[in-house]
Every structure is written in C-alpha cells, then in structure tokens.
Amino acid sequence: MFEQARIKLTVWYLFIIMLISMIFSIIIYSIISREFERRFRQAQMRLRAEQLGIPFPGLIPRELEEIEPILLEELNNAKKNLIFNLIIINGVILVLSAGASYFLAGKTLNPIEKALNEQKRFVADASHELRTPLTALKTSVEVALRDEKINLAEVKKVLYSNLQDIDGLESLTSNLLSLANLQDNANNLGFDKTNIAEVISKAVKKIKPLAKKKSITIKVDVKKQVIVANKESLEKLLLILLDNAIKYTPKKGKIWINAERSRTNLTLSIKDTGIGIDKKDIPNIFKRFYRTDQVRTKDTLGGFGLGLSVAKEIIKQHKGSVKVESILGKGTTFIVRLPV
C-alpha cells in the first residue's frame with residue numbers, strides 16, 4: 001500500500017519539478033532568443049549602413065550579399081542549439097529528479113507509515129488484552145451455569161472472580177483513554193503554576209488505601225515547591241508510579257517520595273523496596289503492553305503493562321525525562337526530571 005502511495009507521490013513531485021523546469025526553460029529560451037534577434041538586427045543595421053555608406057562603429061566590411069544570409073543561418077542554428085541544450089538539461093533534471101522525488105516521497109511517508117503500523121500494533125494488542133479477561137468472564141459464567149450442583153459459596157466465588165476481571169477491564173480502558181487523550185491533546189494541555197507538594201499529598205492520599213492492604217509505608221520528603229505543569233496529568237503520573245511501586249513491593253515494604261528543585265529542573269524520585277527489574281527489561285518497560293516476565297502478569301498483579309506508557313507520555317508532554325535504577329530483589333527507583 002505504501003509502496004503504491006510512494007510511487008504516486010514520486011510522480012506528483014516529478015510532475016511539479018518538471019513543470020517548473022519547463023516554465024524556466026521557456027523563459028530562458030525567450031530571453032536568449034530575444035538577445036540573438038537583437039544582435040541579428042544590429043548586424044543587419046551595420047550592413048544597411050555599409051550599403052548606404054553611413055559610418056557604423058565596429059563594422060567589419062565584407063561582401064554585403066554574403067553576410068546577411070550567413071547571419072540569418074547562424075541565428076537559426078543558435079536557436080536550434082539552444083533548444084537542444086535545454087532538452088538535454090531537462091532530461092538530466094528529469095533523471096535526477098526521479099531519484100530525488102522517490103527518496104523524498106519515502107521520507108515524507110515514513111513517519112505516516114510508522115504511525116499507522118504503531119496504531120495497528122496498538123489496536124491488535126488492545127484487542128488481545130480485552131479479549132483475555134472477556135474470555136475468562138465468559139468461561140467462568142458458562143461453567144457455573146452448566147454446574148447443576150453449584151452452591152451459594154461457589155456462585156460468590158465466580159462473581160468475585162468476574163468482578164476482578166471487570167476491575168481489570170475498567171483499568172485497561174481507563175489507561176487506553178488516558179493515552180489516547182494525551183496523544184490527541186499534545187499541544188492543548190493547560191500549564192499553570194503548581195505546588196508539587198500539594199499534588200504529591202493528594203496522590204498519596206488516594207493511593208494509601210491500596211498501600212494499607214499490603215502494610216506498605218509511604219514516606220514523603222517534599223517541601224513546598226512551585227513548577228509550571230498540568231496539575232491533573234502530574235497527579236496521574238504520580239498515581240501510576242506509586243501504584244506500580246505498591247504492586248511490586250512485598251508486604252510491609254517501604255516507598256520513599258522525594259522532590260528537589262534546581263534552577264532549571266524539578267527532580268522527583270519514587271523509590272521502593274520491591275522485587276526490582278532486570279537490567280535487560282528496563283529499556284522496554286515504557287512500551288505499551290510490555291511485561292517483564294511471567295511473574296509480573298495481570299493474573300497475579302493486576303497489570304496490563306500500559307500504565308508506564310501513560311506515565312511516559314505525561315512526562316513527554318511536560319518536556320521532561322525519566323530514568324530507572326533497579327536492583328533485582330532490592331527495589332526500584334524512578335527518577336523524573338521536569339523543567340520548572
């Protein structure tokens with residue numbers, strides 16, 4: 001599909017280039033032809049002057065009958081040579097432009113092709129992730145319906161399992177919408193002066209019930225510091241990173257939140273005493289639907305590998321950067337730097 005589009009675009013580029021080239025060739029031919037004709041008329045005037053015995057500067061006397069036909073023939077030859085040279089030049093331009101146009105068409109379509117392929121992968125991955133919990137829901141309900149001896153406790157167990165799958169679907173669709181909205185409104189996010197301490201406090205308050213279930217302690221070391229940011233998306237970023245830390249931190253673990261402001265940047269770090277991430281996986285953890293290993297699956301930890309993609313997009317919108325430091329079995333630190 002893109003190869004056909006590339007060829008069509010090449011033809012259009014070539015058409016435009018050759019149209020411009022032909023217009024310039026006509027203009028050049030007209031200008032030079034007029035100059036030839038002017039010189040021819042000047043030579044004719046010299047000949048007439050010589051015939052009439054009128055002095056004309058710069059005239060080289062020759063047999064008058066022979067000179068005029070020669071001059072006319074030279075004029076016609078000069079015009080023919082000019083046309084021939086212009087045809088050659090346009091032919092060279094055509095060949096060179098064909099190659100250049102094909103190259104430029106490829107460059108033009110390359111980001112579109114990448115975006116389309118990325119979209120296709122995204123739709124395929126999202127469809128797969130949605131299908132898995134839906135299949136589990138359907139299977140558990142079908143099994144329960146076929147079991148004529150099912151009791152109330154077993155029904156409750158099925159319903160509880162279904163509720164967990166629904167929660168997972170809700171989380172997935174929420175993250176999908178967040179990611180889509182962030183990408184669609186890349187240049188429309190409202191940035192205002194934001195007190196980072198207030199945003200962190202609000203995020204911690206929301207995430208604490210989740211941490212409490214695992215007896216995880218969250219320690220905050222942040223002073224009142226103001227940066228220019230989008231408050232809602234910044235809170236979303238913190239919730240994602242904290243949720244991620246809680247998921248992969250064992251019971252009675254600890255999470256530290258620290259924020260330091262320099263003249264140009266705010267450095268925000270979230271450190272946990274979790275299971276850690278293998279070095280080979282760190283470059284990939286921000287990819288959509290990426291999960292590091294079989295231990296970190298949605299079945300055991302409730303994740304779809306999408307939250308960190310949303311976090312990366314939020315950081316990107318703020319023109320910031322993120323760094324991950326991790327030691328297996330000891331914990332992970334996410335370091336986010338945002339311009340102030």
# chains A, B, ... in the order shown; residues from 1 in each chain; ligands from 1

$ select_by_dssp --residues "range 95-337 of chain A" --states "strand (DSSP E)" --output "PyMOL selection string"
chain A and resi 192-195+217-221+226-229+254-261+265-272+321-327+331-337

$ residues_around --residues "Ser101 in chain A" --least-positions-apart "6" --cutoff "8 Å" --atoms "only C-alpha atoms" --output "list in words"
Leu9, Thr10, Val11, Tyr13 and Leu14 of chain A

$ write_last_selection --atoms "N, CA and C atoms" --output "tab-separated table (two decimals), in the first residue's frame"
chain	number	residue	atom	x	y	z
A	9	LEU	N	3.23	9.58	-5.11
A	9	LEU	CA	3.81	10.83	-4.60
A	9	LEU	C	5.04	11.22	-5.40
A	10	THR	N	5.83	10.22	-5.80
A	10	THR	CA	7.00	10.47	-6.64
A	10	THR	C	6.59	11.10	-7.96
A	11	VAL	N	5.53	10.57	-8.56
A	11	VAL	CA	5.02	11.10	-9.84
A	11	VAL	C	4.57	12.55	-9.68
A	13	TYR	N	5.63	14.71	-7.35
A	13	TYR	CA	6.83	15.52	-7.15
A	13	TYR	C	7.51	15.78	-8.49
A	14	LEU	N	7.61	14.71	-9.27
A	14	LEU	CA	8.28	14.80	-10.57
A	14	LEU	C	7.52	15.74	-11.50

$ residues_around --residues "Ile218 in chain A" --least-positions-apart "2" --cutoff "9 Å" --atoms "only C-alpha atoms" --output "PyMOL selection string"
chain A and resi 204+208+211+216+220+253-257

$ residues_around --residues "Phe286 in chain A" --least-positions-apart "6" --cutoff "9 Å" --atoms "only C-alpha atoms" --output "ChimeraX atom specification"
/A:305-312

$ select_by_dssp --residues "range 157-337 of chain A" --states "alpha helix (DSSP H)" --output "PyMOL selection string"
chain A and resi 157-184+196-213+231-247+298-301+307-317

$ residues_around --residues "Leu86 in chain A" --least-positions-apart "3" --cutoff "10 Å" --atoms "only C-alpha atoms" --output "PyMOL selection string"
chain A and resi 21-22+24-26+28-29+80-83+89-92

$ residues_around --residues "range 137-145 of chain A" --least-positions-apart "4" --cutoff "7 Å" --atoms "only C-alpha atoms" --output "ChimeraX atom specification"
/A:133,150,158,162,165

$ residues_around --residues "Ser233 in chain A" --least-positions-apart "3" --cutoff "9 Å" --atoms "only C-alpha atoms" --output "list of chain:residue names"
A:Leu182, A:Leu189, A:Ala229, A:Asn230, A:Lys236, A:Leu237, A:Leu238, A:Ala311, A:Ile314

$ atom_distance --atom1 "CA of Gly274 in chain A" --atom2 "CA of Lys231 in chain A"
27.7 Å
